[in-house]
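Just start.txt here, compact mmCIF, C-alpha atoms and all ligand atoms:
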# COMPACT_ATOMS: atom_id res chain seq x y z
CA MET E 1 25.50 25.14 -17.37
CA ASN E 2 22.63 25.65 -19.82
CA SER E 3 21.46 29.28 -19.58
CA GLN E 4 17.70 28.51 -19.55
CA PRO E 5 16.59 27.77 -15.96
CA ILE E 6 14.08 24.99 -15.32
CA ASN E 7 11.26 26.54 -13.31
CA ILE E 8 9.23 24.45 -10.92
CA GLY E 9 5.92 25.31 -9.24
CA LEU E 10 4.81 23.63 -6.01
CA ILE E 11 1.12 23.38 -5.13
CA GLY E 12 0.72 22.49 -1.46
CA PHE E 13 2.87 23.93 1.33
CA GLY E 14 2.15 21.17 3.89
CA THR E 15 4.52 18.69 5.48
CA ILE E 16 5.84 17.07 2.29
CA GLY E 17 5.87 20.44 0.48
CA SER E 18 8.04 21.84 3.26
CA GLY E 19 10.35 18.84 2.86
CA VAL E 20 10.63 19.56 -0.87
CA ILE E 21 11.59 23.19 -0.17
CA GLU E 22 14.11 22.00 2.43
CA ILE E 23 15.78 19.68 -0.11
CA PHE E 24 15.97 22.47 -2.72
CA ASN E 25 17.44 24.79 -0.06
CA GLN E 26 20.01 22.24 1.11
CA ASN E 27 20.95 20.41 -2.09
CA LEU E 28 20.36 22.85 -4.95
CA ASP E 29 24.04 22.91 -6.01
CA LEU E 30 24.16 19.13 -6.11
CA ILE E 31 20.87 18.92 -8.05
CA GLN E 32 22.00 21.53 -10.59
CA LYS E 33 25.32 19.75 -11.11
CA LYS E 34 23.51 16.47 -11.66
CA VAL E 35 21.14 17.85 -14.29
CA GLY E 36 23.58 20.35 -15.78
CA LYS E 37 20.96 23.11 -15.69
CA GLU E 38 19.88 25.92 -13.43
CA VAL E 39 16.86 24.83 -11.40
CA ASN E 40 14.53 27.32 -9.77
CA LEU E 41 11.68 26.56 -7.39
CA LYS E 42 9.83 29.57 -8.70
CA LYS E 43 6.45 29.57 -6.96
CA ILE E 44 4.76 27.89 -4.02
CA VAL E 45 0.98 28.06 -3.83
CA ASP E 46 -1.17 27.29 -0.80
CA LEU E 47 -4.32 28.74 0.75
CA ASP E 48 -2.29 29.40 3.89
CA ILE E 49 0.98 31.20 3.21
CA GLU E 50 1.21 32.84 6.66
CA THR E 51 1.97 29.91 8.98
CA ASP E 52 5.68 29.41 9.66
CA ARG E 53 6.62 25.90 8.42
CA GLY E 54 10.18 26.17 9.68
CA VAL E 55 11.75 26.32 6.19
CA GLU E 56 13.43 29.30 4.59
CA ILE E 57 11.58 30.70 1.62
CA SER E 58 11.42 34.25 0.29
CA SER E 59 7.94 35.72 0.54
CA ASP E 60 7.81 36.77 -3.15
CA LYS E 61 7.76 33.08 -4.08
CA LEU E 62 4.55 32.48 -2.10
CA SER E 63 1.08 32.90 -3.56
CA THR E 64 -2.50 31.86 -2.82
CA ASP E 65 -3.45 31.86 -6.51
CA VAL E 66 -2.88 28.57 -8.32
CA LYS E 67 -2.93 30.42 -11.68
CA ASP E 68 0.49 31.79 -10.73
CA ILE E 69 1.73 28.26 -11.42
CA LEU E 70 -0.74 26.78 -13.90
CA GLU E 71 -0.75 29.81 -16.21
CA ASP E 72 2.94 30.70 -15.95
CA PRO E 73 4.56 29.69 -19.27
CA GLU E 74 8.00 29.71 -17.65
CA ILE E 75 7.06 26.90 -15.24
CA SER E 76 7.63 23.53 -16.89
CA ILE E 77 7.22 21.20 -13.89
CA VAL E 78 4.32 21.29 -11.42
CA ILE E 79 4.49 19.43 -8.12
CA GLU E 80 1.05 18.62 -6.68
CA LEU E 81 1.09 17.90 -2.95
CA ILE E 82 -2.34 18.90 -1.72
CA GLY E 83 -3.71 15.35 -1.84
CA GLY E 84 -7.34 14.24 -2.17
CA TYR E 85 -9.51 14.23 -5.28
CA GLU E 86 -10.54 17.84 -5.86
CA PRO E 87 -9.18 20.36 -6.56
CA ALA E 88 -6.02 18.22 -7.01
CA ARG E 89 -7.47 16.47 -10.08
CA SER E 90 -8.45 19.71 -11.82
CA PHE E 91 -5.06 21.28 -11.08
CA ILE E 92 -3.17 18.27 -12.45
CA ILE E 93 -5.31 18.06 -15.60
CA LYS E 94 -4.90 21.80 -16.21
CA ALA E 95 -1.12 21.61 -15.70
CA LEU E 96 -0.84 18.70 -18.15
CA GLU E 97 -3.06 20.44 -20.70
CA ASN E 98 -0.86 23.51 -20.41
CA GLY E 99 2.12 21.37 -21.39
CA LYS E 100 3.67 21.04 -17.93
CA HIS E 101 5.14 17.85 -16.50
CA VAL E 102 3.51 16.86 -13.21
CA VAL E 103 4.99 15.23 -10.12
CA THR E 104 2.56 14.00 -7.47
CA ALA E 105 2.38 11.83 -4.36
CA ASN E 106 -1.40 11.50 -4.68
CA LYS E 107 -2.11 7.74 -4.70
CA ALA E 108 -5.84 8.18 -4.08
CA LEU E 109 -6.21 10.34 -7.19
CA LEU E 110 -4.06 8.07 -9.37
CA ALA E 111 -5.90 4.96 -8.19
CA LYS E 112 -9.27 6.50 -9.08
CA HIS E 113 -8.48 8.61 -12.15
CA TRP E 114 -5.56 6.68 -13.63
CA GLU E 115 -6.90 6.56 -17.16
CA GLU E 116 -7.88 10.21 -17.41
CA ILE E 117 -4.61 11.48 -15.92
CA THR E 118 -2.24 9.28 -17.92
CA ALA E 119 -4.19 9.83 -21.16
CA THR E 120 -4.02 13.60 -20.63
CA ALA E 121 -0.26 13.36 -20.08
CA GLU E 122 0.18 11.25 -23.22
CA ARG E 123 -1.99 13.52 -25.33
CA ASN E 124 0.00 16.56 -24.28
CA ASN E 125 3.34 14.79 -24.59
CA VAL E 126 4.34 15.49 -21.00
CA ARG E 127 5.15 13.24 -18.08
CA ILE E 128 3.27 12.37 -14.93
CA SER E 129 5.62 11.02 -12.25
CA PHE E 130 4.50 9.62 -8.91
CA GLU E 131 7.36 7.76 -7.22
CA ALA E 132 6.27 9.16 -3.81
CA SER E 133 2.76 7.72 -4.13
CA VAL E 134 3.76 4.18 -3.10
CA GLY E 135 6.40 3.39 -0.50
CA GLY E 136 7.23 7.07 0.23
CA GLY E 137 10.99 7.42 -0.16
CA ILE E 138 11.67 3.90 -1.44
CA PRO E 139 12.79 3.85 -5.09
CA LEU E 140 10.14 1.45 -6.22
CA LEU E 141 7.97 2.53 -9.14
CA GLN E 142 10.69 3.65 -11.49
CA PRO E 143 12.74 0.46 -11.01
CA LEU E 144 9.55 -1.56 -11.45
CA ASN E 145 8.58 0.33 -14.60
CA GLU E 146 12.02 0.65 -16.16
CA SER E 147 14.92 -1.34 -14.68
CA LEU E 148 12.74 -4.44 -14.30
CA ALA E 149 10.72 -3.90 -17.49
CA ALA E 150 12.24 -7.00 -19.12
CA ASN E 151 10.40 -9.26 -16.70
CA ASN E 152 7.08 -10.98 -16.71
CA PHE E 153 6.13 -10.68 -13.05
CA GLU E 154 4.96 -13.72 -11.14
CA GLY E 155 3.99 -11.73 -8.08
CA ILE E 156 4.23 -8.45 -6.20
CA TYR E 157 3.77 -8.56 -2.41
CA GLY E 158 3.77 -5.30 -0.49
CA ILE E 159 3.78 -4.19 3.13
CA ILE E 160 2.86 -0.68 2.08
CA ASN E 161 1.05 0.85 5.03
CA GLY E 162 3.28 2.00 7.87
CA THR E 163 0.44 2.55 10.34
CA ALA E 164 -0.88 -1.01 10.05
CA ASN E 165 2.63 -2.42 10.12
CA TYR E 166 3.48 -0.43 13.26
CA ILE E 167 0.33 -1.71 15.02
CA LEU E 168 0.96 -5.35 14.06
CA THR E 169 4.63 -5.11 15.04
CA LYS E 170 3.74 -3.68 18.49
CA MET E 171 1.01 -6.29 19.04
CA SER E 172 3.53 -8.94 18.22
CA GLU E 173 6.44 -7.59 20.28
CA GLU E 174 4.45 -6.56 23.35
CA GLY E 175 1.43 -8.86 23.31
CA LEU E 176 -0.90 -5.83 23.29
CA LYS E 177 -4.46 -5.58 22.01
CA PHE E 178 -5.21 -3.87 18.70
CA ASP E 179 -7.21 -1.03 20.32
CA ASP E 180 -4.51 -0.29 22.89
CA VAL E 181 -1.73 -0.09 20.29
CA LEU E 182 -3.87 2.06 18.02
CA LYS E 183 -4.54 4.50 20.89
CA GLU E 184 -0.84 4.69 21.73
CA ALA E 185 0.04 5.20 18.03
CA GLN E 186 -2.49 8.04 17.80
CA GLU E 187 -1.06 9.67 20.94
CA LYS E 188 2.43 9.52 19.43
CA GLY E 189 1.19 10.92 16.10
CA TYR E 190 2.03 7.70 14.17
CA ALA E 191 -1.63 7.03 13.39
CA GLU E 192 -4.25 9.46 12.11
CA GLN E 193 -7.09 10.53 14.43
CA ASP E 194 -9.36 8.79 11.90
CA PRO E 195 -7.27 5.71 11.12
CA THR E 196 -9.94 3.85 9.11
CA PHE E 197 -8.20 4.25 5.82
CA ASP E 198 -4.97 2.72 7.07
CA ILE E 199 -6.29 -0.06 9.30
CA GLU E 200 -9.09 -1.19 6.98
CA GLY E 201 -6.68 -1.68 4.07
CA HIS E 202 -7.88 1.11 1.74
CA ASP E 203 -4.53 2.91 1.65
CA THR E 204 -2.81 -0.40 0.83
CA ALA E 205 -5.43 -1.03 -1.88
CA GLN E 206 -4.80 2.30 -3.61
CA LYS E 207 -1.06 1.68 -3.61
CA LEU E 208 -1.61 -1.87 -4.87
CA ILE E 209 -3.63 -0.51 -7.81
CA ILE E 210 -0.56 1.49 -8.86
CA LEU E 211 1.83 -1.45 -8.35
CA THR E 212 -0.51 -3.73 -10.32
CA MET E 213 -0.68 -1.21 -13.14
CA LEU E 214 3.08 -0.94 -13.40
CA GLY E 215 3.88 -4.60 -12.80
CA PHE E 216 1.12 -6.26 -14.81
CA GLY E 217 -0.28 -3.53 -17.04
CA ASN E 218 -3.74 -4.05 -15.54
CA TYR E 219 -5.75 -1.16 -14.20
CA VAL E 220 -7.82 -2.93 -11.56
CA THR E 221 -10.14 -0.61 -9.65
CA GLN E 222 -10.79 -1.16 -5.96
CA GLU E 223 -14.35 -2.51 -6.36
CA LYS E 224 -12.87 -5.43 -8.30
CA PHE E 225 -10.78 -6.90 -5.49
CA HIS E 226 -10.97 -8.06 -1.90
CA VAL E 227 -9.82 -5.56 0.74
CA GLU E 228 -9.74 -6.53 4.40
CA GLY E 229 -8.15 -4.75 7.37
CA ILE E 230 -6.45 -5.80 10.58
CA THR E 231 -8.99 -4.84 13.25
CA LYS E 232 -10.19 -8.37 14.09
CA ILE E 233 -6.76 -9.79 14.88
CA THR E 234 -6.21 -10.55 18.57
CA PRO E 235 -3.04 -11.02 20.66
CA GLN E 236 -4.06 -14.72 20.87
CA ASP E 237 -3.84 -15.04 17.08
CA ILE E 238 -0.49 -13.30 16.96
CA GLU E 239 0.96 -15.34 19.81
CA PHE E 240 -0.19 -18.72 18.54
CA THR E 241 0.79 -18.14 14.92
CA SER E 242 4.15 -16.74 15.98
CA LYS E 243 5.21 -19.19 18.69
CA THR E 244 3.66 -22.41 17.47
CA LEU E 245 3.44 -21.91 13.71
CA ARG E 246 6.48 -19.60 13.22
CA TYR E 247 4.66 -16.96 11.20
CA VAL E 248 4.44 -13.18 11.43
CA THR E 249 1.18 -11.35 10.69
CA LYS E 250 1.39 -8.56 8.11
CA LEU E 251 -1.15 -6.52 6.17
CA LEU E 252 -0.18 -7.48 2.64
CA GLY E 253 -1.16 -6.15 -0.77
CA ILE E 254 -0.82 -9.02 -3.24
CA SER E 255 -0.90 -9.04 -7.04
CA ARG E 256 0.07 -12.27 -8.66
CA LYS E 257 -0.40 -14.23 -11.80
CA VAL E 258 -1.96 -17.65 -11.28
CA GLY E 259 -2.52 -19.47 -14.54
CA ASN E 260 -4.19 -17.03 -16.92
CA GLU E 261 -5.67 -14.93 -14.15
CA LEU E 262 -4.46 -12.15 -11.90
CA GLU E 263 -5.08 -12.33 -8.17
CA VAL E 264 -5.34 -8.90 -6.59
CA ARG E 265 -6.10 -8.71 -2.87
CA VAL E 266 -5.38 -6.91 0.39
CA HIS E 267 -5.68 -8.73 3.72
CA PRO E 268 -3.79 -9.76 6.83
CA THR E 269 -1.42 -12.56 5.85
CA LEU E 270 0.72 -15.04 7.75
CA ILE E 271 4.27 -14.92 6.42
CA PRO E 272 6.91 -17.51 7.36
CA LYS E 273 9.49 -15.98 9.70
CA THR E 274 12.19 -16.96 7.24
CA HIS E 275 10.68 -14.84 4.42
CA LEU E 276 12.37 -11.51 3.61
CA LEU E 277 9.10 -9.64 4.19
CA ALA E 278 8.93 -10.96 7.77
CA SER E 279 11.71 -8.58 8.78
CA VAL E 280 9.83 -5.46 7.62
CA ASN E 281 8.77 -4.01 10.97
CA ASP E 282 7.43 -0.86 12.64
CA VAL E 283 6.51 1.93 10.23
CA PHE E 284 8.80 0.60 7.50
CA ASN E 285 7.51 -0.61 4.13
CA GLY E 286 8.79 -3.47 2.01
CA VAL E 287 7.82 -4.69 -1.43
CA TYR E 288 8.90 -8.14 -2.60
CA MET E 289 8.61 -8.81 -6.32
CA VAL E 290 9.32 -11.92 -8.32
CA GLY E 291 10.19 -11.52 -11.99
CA ASP E 292 10.74 -14.41 -14.39
CA ALA E 293 14.23 -13.18 -15.29
CA VAL E 294 15.43 -11.33 -12.21
CA GLY E 295 13.94 -13.70 -9.62
CA PRO E 296 13.06 -12.21 -6.24
CA VAL E 297 13.81 -8.55 -5.52
CA MET E 298 12.94 -6.66 -2.37
CA MET E 299 12.73 -2.90 -1.85
CA TYR E 300 12.73 -1.67 1.75
CA GLY E 301 12.65 1.71 3.45
CA GLN E 302 10.56 4.50 4.89
CA GLY E 303 7.13 4.51 3.34
CA ALA E 304 6.03 7.87 4.72
CA GLY E 305 7.31 10.99 6.46
CA MET E 306 8.33 14.45 5.37
CA MET E 307 11.91 13.99 4.14
CA PRO E 308 11.71 10.44 2.70
CA THR E 309 8.61 11.37 0.68
CA ALA E 310 10.12 14.70 -0.39
CA SER E 311 13.21 12.76 -1.53
CA ALA E 312 11.06 10.81 -4.00
CA VAL E 313 9.27 13.97 -5.20
CA VAL E 314 12.51 15.86 -5.92
CA GLY E 315 13.98 12.68 -7.47
CA ASP E 316 11.07 12.68 -9.94
CA CYS E 317 11.77 16.33 -10.81
CA ILE E 318 15.44 15.53 -11.45
CA ASP E 319 14.47 12.57 -13.60
CA ILE E 320 12.07 14.70 -15.66
CA ILE E 321 14.70 17.39 -16.19
CA SER E 322 17.26 14.79 -17.25
CA ASN E 323 14.91 12.76 -19.46
CA SER E 324 12.12 15.13 -20.38
CA GLN E 325 11.98 14.01 -24.01
CA LYS E 326 11.14 10.46 -23.04
CA GLY E 327 7.55 9.26 -23.38
CA ILE E 328 5.70 7.35 -20.69
CA THR E 329 5.22 3.62 -20.41
CA TYR E 330 3.00 1.87 -17.92
CA GLY E 331 3.39 -1.85 -17.78
CA PRO E 332 3.14 -4.38 -20.56
CA PRO E 333 0.03 -3.39 -22.58
CA GLN E 334 -0.46 -6.94 -23.86
CA SER E 335 -1.48 -8.10 -20.38
CA ARG E 336 -4.03 -5.37 -19.79
CA GLU E 337 -6.86 -7.74 -20.44
CA THR E 338 -5.73 -10.47 -18.01
CA PRO E 339 -8.90 -11.27 -16.04
CA VAL E 340 -8.92 -10.71 -12.30
CA LYS E 341 -9.71 -13.88 -10.39
CA ASN E 342 -12.92 -13.93 -8.38
CA MET E 343 -11.95 -14.01 -4.68
CA ASP E 344 -14.18 -17.06 -4.15
CA ASN E 345 -11.79 -19.05 -6.34
CA VAL E 346 -8.56 -17.97 -4.64
CA ILE E 347 -6.80 -20.92 -3.03
CA SER E 348 -4.78 -20.67 0.21
CA ARG E 349 -3.88 -22.50 3.33
CA TYR E 350 -5.61 -20.94 6.31
CA TYR E 351 -5.09 -20.42 10.02
CA ILE E 352 -8.49 -20.57 11.75
CA ARG E 353 -9.41 -19.52 15.27
CA LEU E 354 -12.68 -20.84 16.70
CA THR E 355 -14.05 -20.25 20.18
CA ALA E 356 -16.04 -23.19 21.49
CA LEU E 357 -17.50 -24.65 24.67
CA ASP E 358 -15.21 -27.31 26.07
CA GLN E 359 -17.67 -30.20 25.60
CA PRO E 360 -17.45 -33.70 24.16
CA GLY E 361 -18.24 -33.97 20.45
CA VAL E 362 -17.53 -30.35 19.49
CA LEU E 363 -14.44 -31.12 17.45
CA HIS E 364 -16.29 -33.96 15.76
CA LYS E 365 -19.05 -31.57 14.61
CA ILE E 366 -16.52 -29.01 13.40
CA SER E 367 -14.46 -31.50 11.44
CA GLY E 368 -17.66 -32.91 9.93
CA ILE E 369 -18.57 -29.51 8.50
CA LEU E 370 -15.02 -28.90 7.25
CA SER E 371 -14.96 -32.23 5.43
CA GLU E 372 -18.37 -31.48 3.90
CA TYR E 373 -16.62 -28.54 2.20
CA ASN E 374 -13.61 -30.60 1.24
CA ILE E 375 -11.35 -28.82 3.73
CA SER E 376 -8.63 -30.96 5.16
CA LEU E 377 -6.75 -30.08 8.35
CA GLU E 378 -3.02 -29.89 8.75
CA SER E 379 -3.09 -29.30 12.53
CA VAL E 380 -5.48 -28.68 15.42
CA ASN E 381 -4.57 -27.21 18.83
CA GLN E 382 -6.90 -26.62 21.71
CA GLU E 383 -5.95 -24.63 24.77
CA GLN E 384 -6.62 -26.24 28.12
CA ASN E 385 -8.02 -24.12 30.93
CA GLU E 386 -10.51 -25.73 33.26
CA ALA E 387 -11.61 -22.39 34.68
CA GLU E 388 -12.94 -21.21 31.29
CA PRO E 389 -16.14 -22.64 29.78
CA SER E 390 -15.14 -21.46 26.26
CA LEU E 391 -11.75 -22.16 24.78
CA PRO E 392 -10.00 -21.22 21.56
CA ILE E 393 -9.31 -23.90 18.99
CA PHE E 394 -6.53 -23.10 16.53
CA MET E 395 -6.46 -24.91 13.21
CA VAL E 396 -4.35 -24.89 10.08
CA THR E 397 -5.90 -26.18 6.88
CA HIS E 398 -4.41 -27.63 3.74
CA GLU E 399 -5.21 -25.69 0.58
CA ALA E 400 -8.86 -24.73 0.18
CA SER E 401 -10.87 -22.17 -1.71
CA GLU E 402 -12.17 -18.95 -0.18
CA LYS E 403 -15.67 -19.99 -1.13
CA ASN E 404 -15.42 -23.22 0.85
CA ILE E 405 -13.73 -21.64 3.87
CA ASN E 406 -16.35 -18.91 4.09
CA ALA E 407 -19.22 -21.34 3.70
CA ALA E 408 -17.81 -23.82 6.23
CA LEU E 409 -17.07 -21.16 8.83
CA SER E 410 -20.52 -19.58 8.54
CA GLN E 411 -22.00 -23.00 9.22
CA ILE E 412 -19.61 -23.69 12.09
CA ASP E 413 -20.37 -20.29 13.66
CA GLU E 414 -24.02 -21.32 13.88
CA LEU E 415 -23.28 -24.33 16.09
CA LYS E 416 -24.64 -23.81 19.59
CA GLU E 417 -21.26 -24.73 21.08
CA ILE E 418 -19.49 -21.89 19.22
CA THR E 419 -19.46 -18.84 21.49
CA ALA E 420 -17.70 -16.17 19.40
CA PRO E 421 -17.32 -15.47 15.67
CA SER E 422 -14.52 -17.38 13.98
CA LEU E 423 -11.57 -15.73 12.29
CA PHE E 424 -9.28 -16.92 9.53
CA ILE E 425 -5.99 -15.58 8.21
CA ARG E 426 -4.56 -16.62 4.86
CA ILE E 427 -1.06 -18.10 4.82
CA LEU E 428 1.48 -16.93 2.24
CA ASP E 429 2.94 -19.85 0.31
CA GLU E 430 4.72 -18.28 -2.62
N1 LIG Q 501 -0.82 6.60 5.89
C1 LIG Q 501 0.23 5.96 5.17
C2 LIG Q 501 0.89 4.91 6.03
C3 LIG Q 501 1.31 6.90 4.72
O1 LIG Q 501 0.53 4.73 7.21
O2 LIG Q 501 1.77 4.23 5.52
C4 LIG Q 501 1.02 7.62 3.47
O3 LIG Q 501 0.92 6.77 2.38
If you took the structure in this file and wrote it as structure tokens, what would it be?
Amino acid sequence: MNSQPINIGLIGFGTIGSGVIEIFNQNLDLIQKKVGKEVNLKKIVDLDIETDRGVEISSDKLSTDVKDILEDPEISIVIELIGGYEPARSFIIKALENGKHVVTANKALLAKHWEEITATAERNNVRISFEASVGGGIPLLQPLNESLAANNFEGIYGIINGTANYILTKMSEEGLKFDDVLKEAQEKGYAEQDPTFDIEGHDTAQKLIILTMLGFGNYVTQEKFHVEGITKITPQDIEFTSKTLRYVTKLLGISRKVGNELEVRVHPTLIPKTHLLASVNDVFNGVYMVGDAVGPVMMYGQGAGMMPTASAVVGDCIDIISNSQKGITYGPPQSRETPVKNMDNVISRYYIRLTALDQPGVLHKISGILSEYNISLESVNQEQNEAEPSLPIFMVTHEASEKNINAALSQIDELKEITAPSLFIRILDE
């Protein structure tokens, strides 16, 4: 074994940080054999070093002063696991400037400060690795960036938020309402007390920015694409689309090349039950990618949690130790300028739910407006219930543009016979 130990500093002694320490405690021999070097988790920095996290660590390794890592010339790899924008950004930049490789799970920071962070790494000839930032423990980014680098990607489709996927799975399996499942998920600790980020699609969007960067070489910031959450979906939508149309509802992050443009979007999507992504349930994540040479590939596994995420973090450290001379590559640079398609011009088939008074002539008015916007219907179903004055109408359209669907539905929602706002869900036809 090489006599010089590789020293690692860990900033952030939270859940994932504890998982990282646990892996080094349990598997150090194996890790050292794999890299052929002595590896030493030299310092762990956190503001709170008193609370017992249930992992064994000698107290002389703990510090509250981040300089003990950032300014220690013996530490060559810094793991950042505090999350958020600041002070995480400053710590990462400082570590890179001091010639240290950085491993992080911080998708929010990467999504917002991608250019600054990667340029700083390049300038200082060190690596920034972030396998844990998308899909937790799933080996996803490195295969996308390296093993699949020979491909021009046609599309990347990701179920990359476990909270939203858990809620949609439960709604589907148990016929429950969104609010009731969310409450139960919060009680069980599966969903955050403030779940906005997960259920409104922002977490998926940040992860999609990273996937888009690696797959297509485009850094597309969140303001440039459509992000929509799952809060408006009802058990009625799930039941009808599942039983009658044979689809499952998933919150999907989509990046795909259509003609000379890139479509980047996050929204609930109806996926045929026969599609591989349809079997990604509960808190699991799945990313389905189509390359021109490899064809379809799907990665599946645990997208969050202490040990799966720590597995990806330590894997990045091992990779850096084994390949630390290698530079960094992020997607095919020639496609960086591919324009992002305006959402108005995106074409899909749509499932539509309208709520209308059960009166003669209503369907006639609705179909008149749809045809005004060049929207043709594939199917129409109306529930029968004489006790209810208002009834849902479920429709599936042929292909139409977002612009036309939005305009037609705003006009339909103004009809006096329409008693609740309409909803539409895009259908995945890939
Ligand atoms: N909150 C995320 C999820 C996990 O629900 O999948 C961290 O990325």
Taking only C-alpha atoms and all ligand atoms into account, which residues are within 10 Å of ligand LIG 501 (chain Q), as a short mmCIF file (atom, residue, chain, number, x, y, z; two decimals) with C-alpha atoms, in the coordinates of the input?
data_model
loop_
_atom_site.label_atom_id
_atom_site.label_comp_id
_atom_site.auth_asym_id
_atom_site.auth_seq_id
_atom_site.Cartn_x
_atom_site.Cartn_y
_atom_site.Cartn_z
CA ALA E 105 2.38 11.83 -4.36
CA ASN E 106 -1.40 11.50 -4.68
CA LYS E 107 -2.11 7.74 -4.70
CA ALA E 108 -5.84 8.18 -4.08
CA ALA E 132 6.27 9.16 -3.81
CA SER E 133 2.76 7.72 -4.13
CA VAL E 134 3.76 4.18 -3.10
CA GLY E 135 6.40 3.39 -0.50
CA GLY E 136 7.23 7.07 0.23
CA ILE E 159 3.78 -4.19 3.13
CA ILE E 160 2.86 -0.68 2.08
CA ASN E 161 1.05 0.85 5.03
CA GLY E 162 3.28 2.00 7.87
CA THR E 163 0.44 2.55 10.34
CA ALA E 164 -0.88 -1.01 10.05
CA ASN E 165 2.63 -2.42 10.12
CA TYR E 166 3.48 -0.43 13.26
CA TYR E 190 2.03 7.70 14.17
CA ALA E 191 -1.63 7.03 13.39
CA GLU E 192 -4.25 9.46 12.11
CA PRO E 195 -7.27 5.71 11.12
CA PHE E 197 -8.20 4.25 5.82
CA ASP E 198 -4.97 2.72 7.07
CA ILE E 199 -6.29 -0.06 9.30
CA HIS E 202 -7.88 1.11 1.74
CA ASP E 203 -4.53 2.91 1.65
CA THR E 204 -2.81 -0.40 0.83
CA GLN E 206 -4.80 2.30 -3.61
CA LYS E 207 -1.06 1.68 -3.61
CA VAL E 283 6.51 1.93 10.23
CA PHE E 284 8.80 0.60 7.50
CA ASN E 285 7.51 -0.61 4.13
CA GLN E 302 10.56 4.50 4.89
CA GLY E 303 7.13 4.51 3.34
CA ALA E 304 6.03 7.87 4.72
CA GLY E 305 7.31 10.99 6.46
CA THR E 309 8.61 11.37 0.68
#
Using all atoms listed in the file, which residues sit within 7 Å of E:Tyr351 once same-chain residues fewer than 6 positions away are excluded, as a PyMOL selection string?
-> chain E and resi 395-397+424-427
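Interatomic distance, atom CA of E:Leu10 against atom CA of E:Lys43: 6.2 Å.
Distance-wise, atom CA of E:Tyr247 and atom CA of E:Gln384 end up 22.4 Å apart.
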Judged by all atoms listed in the file, the minimum distance to E:Pro421 among E:Val181, E:Leu354, E:Ile128, E:Ile321 is found for E:Leu354
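The two atoms in question, atom CA of E:Leu182 and atom CA of E:Ile230, are spaced 11.1 Å apart.
Using all atoms listed in the file for every distance, the candidate list E:His267, E:Lys61, E:Lys416, E:Lys243 yields E:Lys243 as the residue closest to E:Glu173.
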Which residue, E:Ser242, E:Leu370, E:Ser255, E:Thr169, has the smallest gap to E:Ser279 when you use all atoms listed in the file?
-> E:Thr169
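Using only C-alpha atoms for every distance, the candidate list E:Lys232, E:Leu357, E:Thr212, E:Ile352 yields E:Leu357 as the residue closest to E:Asn385.
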Which residues, written as a PyMOL selection string, have at least one atom at most 12 Å from E:Ser371, with only C-alpha atoms counted and residues fewer than 5 positions away on the same chain left out?
-> chain E and resi 364-366+376-377+397-398+400+404-405+407-409+412
Compare E:Gly137, E:Ile92, E:Lys67, E:Ser379 by their minimum atom-to-atom distance to E:Ala121, counting all atoms listed in the file, and give me the closest one.
-> E:Ile92
Contacts of stretch 48-52 of chain E at 10 Å or less, counting all atoms listed in the file, minus same-chain residues fewer than 4 places along, as a JSON list (two decimals) with C-alpha atoms, keeping the file's coordinate frame?
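Once written, result_9.json looks like this:
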[["chain", "number", "residue", "atom", "x", "y", "z"],
["E", 12, "GLY", "CA", 0.72, 22.49, -1.46],
["E", 13, "PHE", "CA", 2.87, 23.93, 1.33],
["E", 14, "GLY", "CA", 2.15, 21.17, 3.89],
["E", 44, "ILE", "CA", 4.76, 27.89, -4.02],
["E", 56, "GLU", "CA", 13.43, 29.30, 4.59],
["E", 59, "SER", "CA", 7.94, 35.72, 0.54],
["E", 62, "LEU", "CA", 4.55, 32.48, -2.10],
["E", 63, "SER", "CA", 1.08, 32.90, -3.56],
["E", 64, "THR", "CA", -2.50, 31.86, -2.82]]
Would you mind listing what lies within 12 Å of E:Lys112 as a PyMOL selection string, with all atoms listed in the file counted and same-chain residues fewer than 4 positions away left out?
-> chain E and resi 84-86+89+106-108+116-118+205-207+209-210+219-223
